[in-house]
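model.txt (compact mmCIF, C-alpha atoms) appears below.
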```
# COMPACT_ATOMS: atom_id res chain seq x y z
CA MET A 1 -34.23 -0.47 21.52
CA PRO A 2 -34.19 -4.29 21.81
CA LYS A 3 -35.36 -5.84 25.06
CA ASN A 4 -32.73 -7.08 27.59
CA TRP A 5 -30.04 -5.18 25.79
CA ASP A 6 -27.20 -3.96 27.95
CA PRO A 7 -24.57 -1.76 26.29
CA THR A 8 -22.10 -2.39 29.13
CA VAL A 9 -21.91 -6.13 28.35
CA LYS A 10 -18.68 -6.85 26.51
CA SER A 11 -18.58 -8.84 23.31
CA SER A 12 -17.39 -12.42 23.56
CA PHE A 13 -15.10 -12.06 20.56
CA VAL A 14 -11.38 -11.99 21.18
CA ASP A 15 -8.65 -10.85 18.81
CA LEU A 16 -5.60 -12.38 20.41
CA HIS A 17 -3.09 -10.64 18.20
CA LEU A 18 -3.25 -7.01 17.32
CA ARG A 19 0.06 -5.51 16.20
CA PRO A 20 0.15 -1.83 17.08
CA PRO A 21 3.51 -0.04 16.59
CA HIS A 22 6.09 -0.60 19.34
CA LYS A 23 5.85 2.96 20.55
CA ILE A 24 2.40 4.09 21.67
CA SER A 25 1.04 6.50 19.09
CA ASP A 26 -2.19 7.64 17.43
CA GLN A 27 -2.13 4.49 15.36
CA THR A 28 -2.25 2.34 18.52
CA GLU A 29 -5.34 4.21 19.65
CA MET A 30 -6.92 3.99 16.21
CA LEU A 31 -6.37 0.23 16.03
CA ILE A 32 -7.88 -0.33 19.46
CA LYS A 33 -10.81 1.99 18.72
CA LYS A 34 -11.54 0.29 15.41
CA SER A 35 -11.34 -3.18 16.98
CA ALA A 36 -13.86 -2.09 19.62
CA GLU A 37 -16.16 -0.72 16.92
CA LEU A 38 -15.93 -3.96 14.98
CA GLY A 39 -17.22 -5.89 17.98
CA TYR A 40 -14.25 -7.31 19.85
CA GLY A 41 -14.51 -7.46 23.63
CA SER A 42 -10.89 -8.43 24.33
CA LEU A 43 -7.65 -7.65 22.54
CA GLY A 44 -4.34 -9.41 22.81
CA ILE A 45 -1.36 -7.13 22.31
CA ALA A 46 2.18 -8.47 22.18
CA PHE A 47 4.74 -6.81 24.43
CA PRO A 48 8.50 -7.22 24.30
CA ILE A 49 10.04 -9.56 26.88
CA ASP A 50 11.47 -6.59 28.77
CA ALA A 51 8.33 -4.43 28.56
CA LYS A 52 7.87 -1.94 31.36
CA GLN A 53 4.78 -1.99 33.55
CA GLU A 54 4.06 1.66 32.65
CA GLU A 55 3.83 0.76 28.99
CA ILE A 56 1.37 -2.06 29.71
CA PHE A 57 -0.62 0.23 32.02
CA GLU A 58 -0.83 2.92 29.34
CA ILE A 59 -2.19 0.51 26.74
CA ARG A 60 -4.58 -0.97 29.31
CA GLU A 61 -5.90 2.52 29.91
CA ILE A 62 -6.47 3.14 26.19
CA CYS A 63 -8.29 -0.21 25.97
CA SER A 64 -10.53 0.55 28.95
CA ARG A 65 -11.39 3.93 27.40
CA PHE A 66 -12.93 2.06 24.48
CA GLY A 67 -14.50 -0.64 26.66
CA VAL A 68 -12.11 -3.39 25.62
CA ASP A 69 -10.29 -5.83 27.84
CA LEU A 70 -6.49 -6.04 27.33
CA VAL A 71 -4.83 -9.45 27.22
CA THR A 72 -1.07 -9.23 27.67
CA ARG A 73 0.90 -11.44 25.38
CA VAL A 74 4.51 -12.28 24.54
CA ASP A 75 5.74 -13.73 21.25
CA LEU A 76 8.79 -15.93 21.57
CA ALA A 77 10.92 -16.99 18.62
CA PRO A 78 13.64 -19.06 20.29
CA LYS A 79 16.46 -20.59 18.30
CA THR A 80 17.07 -23.42 20.76
CA VAL A 81 15.08 -25.45 23.26
CA LYS A 82 17.26 -24.08 26.06
CA GLU A 83 16.37 -20.51 25.14
CA LEU A 84 12.66 -21.41 25.06
CA LEU A 85 12.76 -23.02 28.51
CA LYS A 86 14.66 -20.08 29.97
CA ASN A 87 12.15 -17.56 28.63
CA LEU A 88 9.17 -19.63 29.77
CA ALA A 89 10.54 -19.82 33.30
CA ILE A 90 10.90 -16.04 33.41
CA LEU A 91 7.64 -15.04 31.73
CA ARG A 92 4.98 -17.57 32.68
CA ARG A 93 4.10 -15.89 35.96
CA LYS A 94 3.95 -12.42 34.40
CA ILE A 95 2.17 -12.68 31.09
CA GLU A 96 -1.33 -13.93 30.25
CA VAL A 97 -0.67 -15.52 26.85
CA ILE A 98 2.62 -16.95 25.57
CA THR A 99 3.04 -17.71 21.87
CA VAL A 100 5.96 -19.61 20.41
CA HIS A 101 6.92 -19.11 16.76
CA CYS A 102 8.56 -22.38 15.83
CA TYR A 103 11.49 -22.04 13.45
CA SER A 104 13.04 -25.44 14.17
CA LYS A 105 11.63 -28.89 14.74
CA GLU A 106 13.19 -29.24 18.21
CA VAL A 107 11.63 -25.99 19.38
CA ALA A 108 8.28 -26.95 17.83
CA ARG A 109 8.20 -30.29 19.66
CA GLN A 110 9.18 -28.74 22.98
CA ALA A 111 6.61 -25.94 22.60
CA ALA A 112 3.87 -28.44 21.79
CA LYS A 113 4.50 -30.59 24.86
CA ASP A 114 5.18 -27.78 27.33
CA ARG A 115 2.06 -26.89 29.34
CA ARG A 116 3.32 -23.33 29.80
CA VAL A 117 2.94 -22.59 26.10
CA ASP A 118 -0.50 -21.36 25.04
CA LEU A 119 -0.16 -20.87 21.30
CA ILE A 120 2.13 -22.26 18.66
CA SER A 121 2.55 -20.77 15.21
CA PHE A 122 4.67 -21.60 12.19
CA PRO A 123 6.53 -19.41 9.71
CA LEU A 124 4.65 -18.53 6.57
CA ALA A 125 7.68 -17.63 4.51
CA HIS A 126 9.11 -21.14 4.67
CA PRO A 127 6.47 -23.82 4.03
CA ARG A 128 9.11 -26.50 4.60
CA LYS A 129 9.49 -25.20 8.12
CA CYS A 130 5.89 -25.96 8.97
CA PHE A 131 6.34 -28.66 11.57
CA PHE A 132 2.66 -29.03 12.40
CA ASP A 133 2.41 -32.70 11.51
CA SER A 134 0.49 -35.47 13.28
CA ALA A 135 3.23 -35.97 15.92
CA GLU A 136 3.24 -32.27 16.74
CA ALA A 137 -0.57 -32.14 16.86
CA GLU A 138 -0.72 -35.12 19.21
CA LEU A 139 1.72 -33.49 21.61
CA ALA A 140 -0.18 -30.18 21.42
CA SER A 141 -3.54 -31.79 22.09
CA LYS A 142 -2.18 -33.49 25.24
CA ALA A 143 -0.55 -30.33 26.56
CA SER A 144 -3.49 -28.03 25.71
CA ALA A 145 -1.51 -25.83 23.32
CA SER A 146 -3.49 -24.21 20.50
CA LEU A 147 -2.62 -23.51 16.90
CA GLU A 148 -2.64 -19.84 15.99
CA ILE A 149 -3.52 -18.57 12.53
CA GLU A 150 -3.04 -14.88 11.79
CA LEU A 151 -5.29 -13.69 9.00
CA ALA A 152 -3.61 -10.44 7.96
CA PRO A 153 -1.27 -12.12 5.43
CA LEU A 154 -4.29 -13.61 3.71
CA LEU A 155 -5.47 -10.09 2.91
CA SER A 156 -2.10 -8.61 2.05
CA PHE A 157 -0.65 -11.48 0.00
CA SER A 158 -1.66 -12.14 -3.58
CA GLY A 159 -0.98 -14.61 -6.37
CA PHE A 160 1.32 -17.54 -5.71
CA GLN A 161 2.11 -16.40 -2.15
CA ARG A 162 -1.59 -16.56 -1.24
CA VAL A 163 -2.03 -19.91 -2.98
CA ARG A 164 0.83 -21.36 -0.94
CA LEU A 165 -0.52 -19.81 2.25
CA LEU A 166 -4.01 -21.24 1.77
CA SER A 167 -2.63 -24.67 1.02
CA LEU A 168 -0.45 -24.52 4.14
CA TRP A 169 -3.34 -23.45 6.38
CA ARG A 170 -5.68 -26.05 4.89
CA GLY A 171 -3.19 -28.74 5.86
CA GLU A 172 -2.69 -27.28 9.33
CA THR A 173 -6.42 -26.97 10.07
CA ASP A 174 -7.06 -30.52 8.86
CA THR A 175 -4.37 -31.87 11.17
CA ALA A 176 -5.61 -29.75 14.07
CA LYS A 177 -9.19 -30.94 13.59
CA LYS A 178 -8.08 -34.57 13.36
CA PHE A 179 -6.21 -34.43 16.68
CA GLY A 180 -8.57 -32.03 18.48
CA VAL A 181 -6.08 -29.17 18.75
CA PRO A 182 -7.98 -25.91 19.32
CA ILE A 183 -7.52 -23.36 16.56
CA ILE A 184 -7.21 -19.66 17.34
CA LEU A 185 -7.88 -17.09 14.64
CA ALA A 186 -6.31 -13.69 15.16
CA SER A 187 -6.12 -10.62 12.99
CA GLY A 188 -2.37 -9.95 13.20
CA ALA A 189 -3.27 -6.50 11.87
CA ASN A 190 -0.94 -3.53 12.11
CA ASP A 191 -3.18 -1.34 9.99
CA VAL A 192 -6.85 -0.38 10.37
CA TYR A 193 -7.54 -1.52 6.80
CA LEU A 194 -6.48 -5.06 7.68
CA LEU A 195 -9.05 -5.32 10.47
CA ARG A 196 -12.30 -7.17 9.86
CA LYS A 197 -15.38 -8.02 11.92
CA PRO A 198 -15.30 -11.43 13.69
CA GLU A 199 -18.02 -12.71 11.34
CA ASP A 200 -16.02 -11.51 8.34
CA TYR A 201 -13.02 -13.51 9.51
CA ALA A 202 -15.30 -16.51 9.85
CA PHE A 203 -16.38 -16.03 6.20
CA LEU A 204 -12.72 -15.74 5.15
CA SER A 205 -11.80 -18.97 6.86
CA TYR A 206 -14.01 -20.76 4.31
CA LEU A 207 -10.99 -20.34 2.02
CA PHE A 208 -8.93 -22.82 4.02
CA GLY A 209 -11.65 -25.24 4.96
CA LEU A 210 -12.74 -24.06 8.38
CA ASP A 211 -16.53 -24.00 8.69
CA PHE A 212 -18.37 -20.94 9.99
CA HIS A 213 -19.19 -22.43 13.40
CA ALA A 214 -15.62 -23.64 14.04
CA ALA A 215 -14.25 -20.27 12.90
CA LYS A 216 -16.55 -18.42 15.30
CA GLN A 217 -15.35 -20.66 18.12
CA ALA A 218 -11.76 -19.93 17.09
CA LEU A 219 -12.51 -16.25 17.60
CA SER A 220 -14.50 -16.50 20.82
CA LYS A 221 -14.71 -19.68 22.89
CA ASN A 222 -11.18 -20.99 22.27
CA PRO A 223 -9.24 -17.77 23.02
CA GLN A 224 -11.55 -17.00 25.97
CA ALA A 225 -10.77 -20.40 27.48
CA ILE A 226 -7.02 -19.69 27.27
CA VAL A 227 -7.34 -16.25 28.83
CA GLU A 228 -9.63 -17.44 31.63
CA ARG A 229 -7.40 -20.42 32.42
CA ASN A 230 -4.28 -18.27 32.60
CA ARG A 231 -5.90 -15.49 34.62
CA ARG A 232 -7.03 -18.07 37.14
CA LYS A 233 -3.46 -19.38 37.33
CA LEU A 234 -1.99 -15.90 37.67
CA SER A 235 -4.36 -14.93 40.49
CA SER A 236 -3.09 -15.01 44.06
CA ASN A 237 -5.67 -17.72 44.89
CA TYR A 238 -4.04 -20.31 42.67
CA VAL A 239 -2.07 -22.99 44.52
CA ALA A 240 -1.62 -25.91 42.13
CA PRO A 241 -3.65 -27.43 39.27
CA GLY A 242 -7.16 -27.95 40.69
CA ILE A 243 -6.36 -26.30 44.05
CA TYR A 244 -7.48 -22.74 44.78
CA VAL A 245 -7.84 -20.65 47.90
CA ILE A 246 -11.55 -19.95 48.29
CA ARG A 247 -11.46 -18.24 51.70
CA ARG A 248 -8.83 -16.38 53.64
CA GLY A 249 -8.28 -14.94 57.14
CA LYS A 250 -11.52 -14.05 58.94
CA ASP A 251 -13.64 -15.90 56.40
CA CYS A 252 -12.18 -19.19 57.60
CA ARG A 253 -13.28 -18.93 61.26
CA ASP A 254 -16.60 -20.74 60.88
CA VAL A 255 -15.24 -23.50 58.64
CA MET B 256 -39.05 -28.57 -15.51
CA PRO B 257 -35.85 -26.68 -14.55
CA ARG B 258 -35.53 -25.87 -10.86
CA ARG B 259 -35.93 -22.25 -9.82
CA LEU B 260 -32.62 -20.61 -8.96
CA ARG B 261 -32.45 -19.85 -5.24
CA ARG B 262 -30.96 -16.44 -4.51
CA ARG B 263 -29.64 -14.47 -1.60
CA TYR B 264 -29.27 -10.73 -1.05
CA ILE B 265 -26.15 -9.44 0.68
CA ALA B 266 -25.88 -5.99 2.28
CA VAL B 267 -22.32 -4.74 2.33
CA LYS B 268 -20.98 -1.76 4.27
CA VAL B 269 -17.85 -0.23 2.79
CA ASP B 270 -15.26 1.55 4.89
CA SER B 271 -13.12 3.87 2.80
CA GLU B 272 -11.78 7.39 3.09
CA LYS B 273 -12.67 8.44 -0.44
CA SER B 274 -15.99 8.01 -2.16
CA PHE B 275 -16.34 5.75 -5.19
CA ASP B 276 -18.94 4.93 -7.78
CA LYS B 277 -20.88 1.68 -7.91
CA ASP B 278 -18.91 0.35 -10.88
CA ALA B 279 -15.67 0.66 -8.94
CA PHE B 280 -17.09 -1.46 -6.12
CA TYR B 281 -18.57 -3.98 -8.54
CA ASP B 282 -15.20 -4.29 -10.29
CA ALA B 283 -13.44 -4.85 -6.97
CA VAL B 284 -15.87 -7.67 -6.06
CA TRP B 285 -15.48 -9.31 -9.48
CA ALA B 286 -11.69 -9.01 -9.33
CA ASN B 287 -11.64 -10.77 -5.98
CA VAL B 288 -14.04 -13.52 -7.04
CA LEU B 289 -11.92 -14.19 -10.14
CA ARG B 290 -8.63 -14.05 -8.24
CA LEU B 291 -9.77 -16.37 -5.46
CA PHE B 292 -12.07 -18.80 -7.27
CA GLY B 293 -11.43 -18.48 -11.00
CA GLU B 294 -13.71 -17.98 -13.97
CA TYR B 295 -15.58 -21.29 -13.59
CA ASN B 296 -16.76 -20.52 -10.06
CA ALA B 297 -17.35 -16.85 -10.91
CA SER B 298 -19.84 -17.97 -13.54
CA ARG B 299 -21.86 -19.75 -10.84
CA THR B 300 -22.28 -16.68 -8.64
CA GLU B 301 -25.01 -14.96 -10.75
CA LEU B 302 -23.76 -11.74 -9.19
CA VAL B 303 -25.80 -8.55 -9.66
CA LEU B 304 -25.47 -5.18 -7.97
CA ILE B 305 -28.96 -4.18 -6.90
CA GLU B 306 -28.59 -0.97 -4.98
CA TYR B 307 -25.83 1.45 -4.03
CA ASP B 308 -26.08 4.20 -1.47
CA PRO B 309 -23.04 6.50 -1.92
CA GLN B 310 -23.78 8.50 1.23
CA MET B 311 -24.02 5.53 3.58
CA LYS B 312 -21.50 3.58 1.48
CA GLN B 313 -23.87 0.62 1.54
CA VAL B 314 -24.36 -1.85 -1.30
CA ILE B 315 -26.91 -4.57 -1.87
CA LEU B 316 -25.78 -7.48 -4.05
CA ARG B 317 -27.70 -10.48 -5.30
CA CYS B 318 -26.12 -13.89 -5.84
CA SER B 319 -27.08 -17.53 -6.12
CA LEU B 320 -27.44 -19.45 -2.85
CA ALA B 321 -24.94 -22.05 -4.05
CA ALA B 322 -22.22 -19.42 -4.36
CA LEU B 323 -23.01 -17.52 -1.16
CA ASP B 324 -20.01 -18.72 0.88
CA LEU B 325 -17.70 -18.10 -2.03
CA LEU B 326 -18.99 -14.58 -2.49
CA LYS B 327 -18.87 -13.71 1.21
CA ALA B 328 -15.19 -14.71 1.34
CA SER B 329 -14.46 -12.66 -1.80
CA ILE B 330 -16.20 -9.54 -0.48
CA VAL B 331 -14.40 -9.67 2.85
CA ALA B 332 -11.06 -10.11 1.04
CA ILE B 333 -11.41 -6.71 -0.66
CA THR B 334 -8.51 -4.48 0.38
CA GLU B 335 -8.80 -1.69 -2.17
CA ILE B 336 -11.34 -0.06 -4.45
CA LYS B 337 -10.04 1.94 -7.39
CA GLY B 338 -6.54 1.89 -5.90
CA GLU B 339 -7.74 3.32 -2.57
CA LYS B 340 -7.44 1.31 0.63
CA SER B 341 -10.93 0.09 1.56
CA VAL B 342 -12.64 -2.50 3.70
CA ALA B 343 -15.94 -4.22 2.93
CA HIS B 344 -17.93 -5.67 5.82
CA ILE B 345 -20.88 -7.98 5.31
CA ALA B 346 -23.75 -6.38 7.18
CA LEU B 347 -26.65 -8.71 6.41
CA VAL B 348 -27.72 -11.66 4.30
CA SER B 349 -31.34 -12.29 3.45
CA GLY B 350 -33.60 -14.24 1.11
CA THR B 351 -35.67 -11.36 -0.26
CA LEU B 352 -35.01 -7.77 -1.12
CA LYS B 353 -37.94 -6.66 1.02
CA SER B 354 -36.63 -8.39 4.13
CA ILE B 355 -33.06 -7.17 3.68
CA ARG B 356 -34.30 -3.57 3.43
CA LYS B 357 -36.41 -4.08 6.55
CA LYS B 358 -33.47 -5.62 8.44
CA MET B 359 -31.15 -2.82 7.32
CA LYS B 360 -33.58 -0.22 8.60
CA LEU B 361 -33.89 -2.05 11.93
CA SER B 362 -30.14 -2.48 12.33
CA SER B 363 -29.46 1.20 11.59
CA GLU B 364 -32.04 2.18 14.25
CA LYS B 365 -30.47 -0.27 16.69
CA HIS B 366 -26.99 1.05 15.91
CA SER B 367 -27.98 4.66 16.46
CA SER B 368 -29.68 3.90 19.80
CA LYS B 369 -26.66 1.85 20.92
CA HIS B 370 -24.36 4.70 19.96
CA MET B 371 -26.53 7.15 21.89
CA VAL B 372 -26.50 5.02 25.07
CA ALA B 373 -22.74 4.45 24.78
CA ASN B 374 -22.20 8.21 24.55
CA ILE B 375 -24.36 8.82 27.61
CA LEU B 376 -22.45 6.15 29.57
CA ARG B 377 -19.15 7.73 28.58
```
Before we go any further, please render this structure as structure tokens.
Amino acid sequence: MPKNWDPTVKSSFVDLHLRPPHKISDQTEMLIKKSAELGYGSLGIAFPIDAKQEEIFEIREICSRFGVDLVTRVDLAPKTVKELLKNLAILRRKIEVITVHCYSKEVARQAAKDRRVDLISFPLAHPRKCFFDSAEAELASKASASLEIELAPLLSFSGFQRVRLLSLWRGETDTAKKFGVPIILASGANDVYLLRKPEDYAFLSYLFGLDFHAAKQALSKNPQAIVERNRRKLSSNYVAPGIYVIRRGKDCRDV
Amino acid sequence: MPRRLRRRYIAVKVDSEKSFDKDAFYDAVWANVLRLFGEYNASRTELVLIEYDPQMKQVILRCSLAALDLLKASIVAITEIKGEKSVAHIALVSGTLKSIRKKMKLSSEKHSSKHMVANILR
């Protein structure tokens, strides 16, 4: 056995988007188990806006059984800016990661400049609706929003669809790199056969011009930073940006 | 004098419900290389299947160093072998056959001990 090896230490790799079926089933368990086997330490699972606490608790329990940390996530696909703002106001204090799928330019711009949005993603079916241009990237970099790329379509698409997808992602990653927008790679897998090891995803990202080191960061450091930042904000010790409660009650007597 | 071709050995672990022969895997790799990179780039890979272990579902491939990234992406993109849903994971990459065999042996020992400790902890 290697020296200093601790099997209880969790992997630093994060898959921020696993898509198990809506109802908890064997497939949910299989997906989580396989992800743990492949070396992920944390898994992001999207819940509906009106998800019950019991449902989240049940999935958290399955995750802990396999030694994986659950990251709660909500995917928003608002039609208007008003709808986006309304949902953000409701959800920001409840959910760890909020992703906005941008189907219109107005929503994309608002999502990029809103500090409550963690991830932005763009539709794959309509390349003309990819609003991740330099203006969008500049807004995102100032507001600390990240660009999410889900890799499952890359494995399931073929022919012209895949060509278009790769070209789209190459453009997006170039823009993101230019403006310093963090990139997040996620599996987006709803099937065990679409899951790959973190290193394998890093090899795949060669296809759209992301180097191995940047791809590994997009699977570990970047998503970890989002989760840590949001967990700190969601904790009861958070007061305002940069202000935290470090002692309470009896601890404060000597100060 | 022509420069010596620099090569790399890749150990691949295949995850699939049904068993398959080595030609089926080799065909799947070639199909992906051709689909993703075309015939011109495929000709630069110098791809050879060195060893296939049907029990462990492990394969060792040899390719040119220049085409290593290209080949790694193609292997990972495999979704089916002989019409059956399959996944290929890159286990190791090494410069010599001797060292890749040594590393594979070490990693399988490490994996089994890790599995044993995880079971005890559970």
Handout entry: Counting all atoms listed in the file, the residue of B:Ile330, B:Val267, B:Leu352, B:Leu325 that sits nearest Gln313 (chain B)
Key =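 So, comparing all the options, the nearest one is B:Val267.
Across A:Ile183, A:Ala202, A:Ala112, A:Val192, the tightest approach to Ala225 (chain A) is made by A:Ile183 when counting only C-alpha atoms.
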Practice task
Taking all atoms listed in the file into account, report as a PyMOL selection string which residues of chain A lie within 12 Å of chain B.
Solution key: chain A and resi 1-3+5-9+34+37-38+64-67+151-160+162-163+166+191-212
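The space separating CA of Ala176 (chain A) from CA of Ile149 (chain A) comes to 11.5 Å.
Proximity ranking of A:Val107, A:Ile56, A:Ile62, A:Ala135 relative to Lys79 (chain A) places A:Val107 first, based on all atoms listed in the file.
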Problem - Which of A:Val100, A:Ser167, A:Arg232, A:Leu119 sits closest to Ala186 (chain A) [using all atoms listed in the file] - result: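 Among the listed residues, the smallest separation from Ala186 (chain A) belongs to A:Leu119.
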Practice task
In Å, rounded to a single decimal, give me how far CA of Leu147 (chain A) is from CA of Ala51 (chain A).
Solution key: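 Calculated distance between CA of Ala51 (chain A) and CA of Leu147 (chain A) is 24.9 Å.
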Exercise for the section: Please measure the separation of CA of Val227 (chain A) and CA of Val71 (chain A), giving the value in Å to one decimal. Expected result: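 Going from CA of Val227 (chain A) over to CA of Val71 (chain A) covers 7.4 Å.
Of the residues under consideration (B:Val348, B:Ala286, B:Ile336, B:Ile355), B:Ile336 shows the shortest atom-to-atom contact distance to Glu272 (chain B) when counting all atoms listed in the file.
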List as a PDB file with C-alpha atoms, in the coordinates of the input the residues having at least one atom at most 12 Å from position (-12.8, -30.7, 18.9) as given in the file, counting only C-alpha atoms.
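The result, stored in point_18.pdb:
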```
ATOM      1  CA  SER A 141      -3.540 -31.790  22.090  1.00  0.00           C
ATOM      2  CA  SER A 144      -3.490 -28.030  25.710  1.00  0.00           C
ATOM      3  CA  SER A 146      -3.490 -24.210  20.500  1.00  0.00           C
ATOM      4  CA  THR A 173      -6.420 -26.970  10.070  1.00  0.00           C
ATOM      5  CA  ASP A 174      -7.060 -30.520   8.860  1.00  0.00           C
ATOM      6  CA  THR A 175      -4.370 -31.870  11.170  1.00  0.00           C
ATOM      7  CA  ALA A 176      -5.610 -29.750  14.070  1.00  0.00           C
ATOM      8  CA  LYS A 177      -9.190 -30.940  13.590  1.00  0.00           C
ATOM      9  CA  LYS A 178      -8.080 -34.570  13.360  1.00  0.00           C
ATOM     10  CA  PHE A 179      -6.210 -34.430  16.680  1.00  0.00           C
ATOM     11  CA  GLY A 180      -8.570 -32.030  18.480  1.00  0.00           C
ATOM     12  CA  VAL A 181      -6.080 -29.170  18.750  1.00  0.00           C
ATOM     13  CA  PRO A 182      -7.980 -25.910  19.320  1.00  0.00           C
ATOM     14  CA  ILE A 183      -7.520 -23.360  16.560  1.00  0.00           C
ATOM     15  CA  HIS A 213     -19.190 -22.430  13.400  1.00  0.00           C
ATOM     16  CA  ALA A 214     -15.620 -23.640  14.040  1.00  0.00           C
ATOM     17  CA  GLN A 217     -15.350 -20.660  18.120  1.00  0.00           C
ATOM     18  CA  ALA A 218     -11.760 -19.930  17.090  1.00  0.00           C
ATOM     19  CA  LYS A 221     -14.710 -19.680  22.890  1.00  0.00           C
ATOM     20  CA  ASN A 222     -11.180 -20.990  22.270  1.00  0.00           C
TER      21      ASN A 222
END
```
Problem - Nearest-residue call for Lys216 (chain A), choices A:Tyr238, A:Leu185, A:Glu29, A:Ala143, using all atoms listed in the file - result: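 Of the candidates, the smallest distance to Lys216 (chain A) is held by A:Leu185.
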Handout entry: Shell of 12 Å around region 57-60 of chain A, all atoms listed in the file, local chain residues under 3 positions omitted, as a PyMOL selection string
Key = chain A and resi 20-26+28-29+31-33+42-47+51-54+63-72
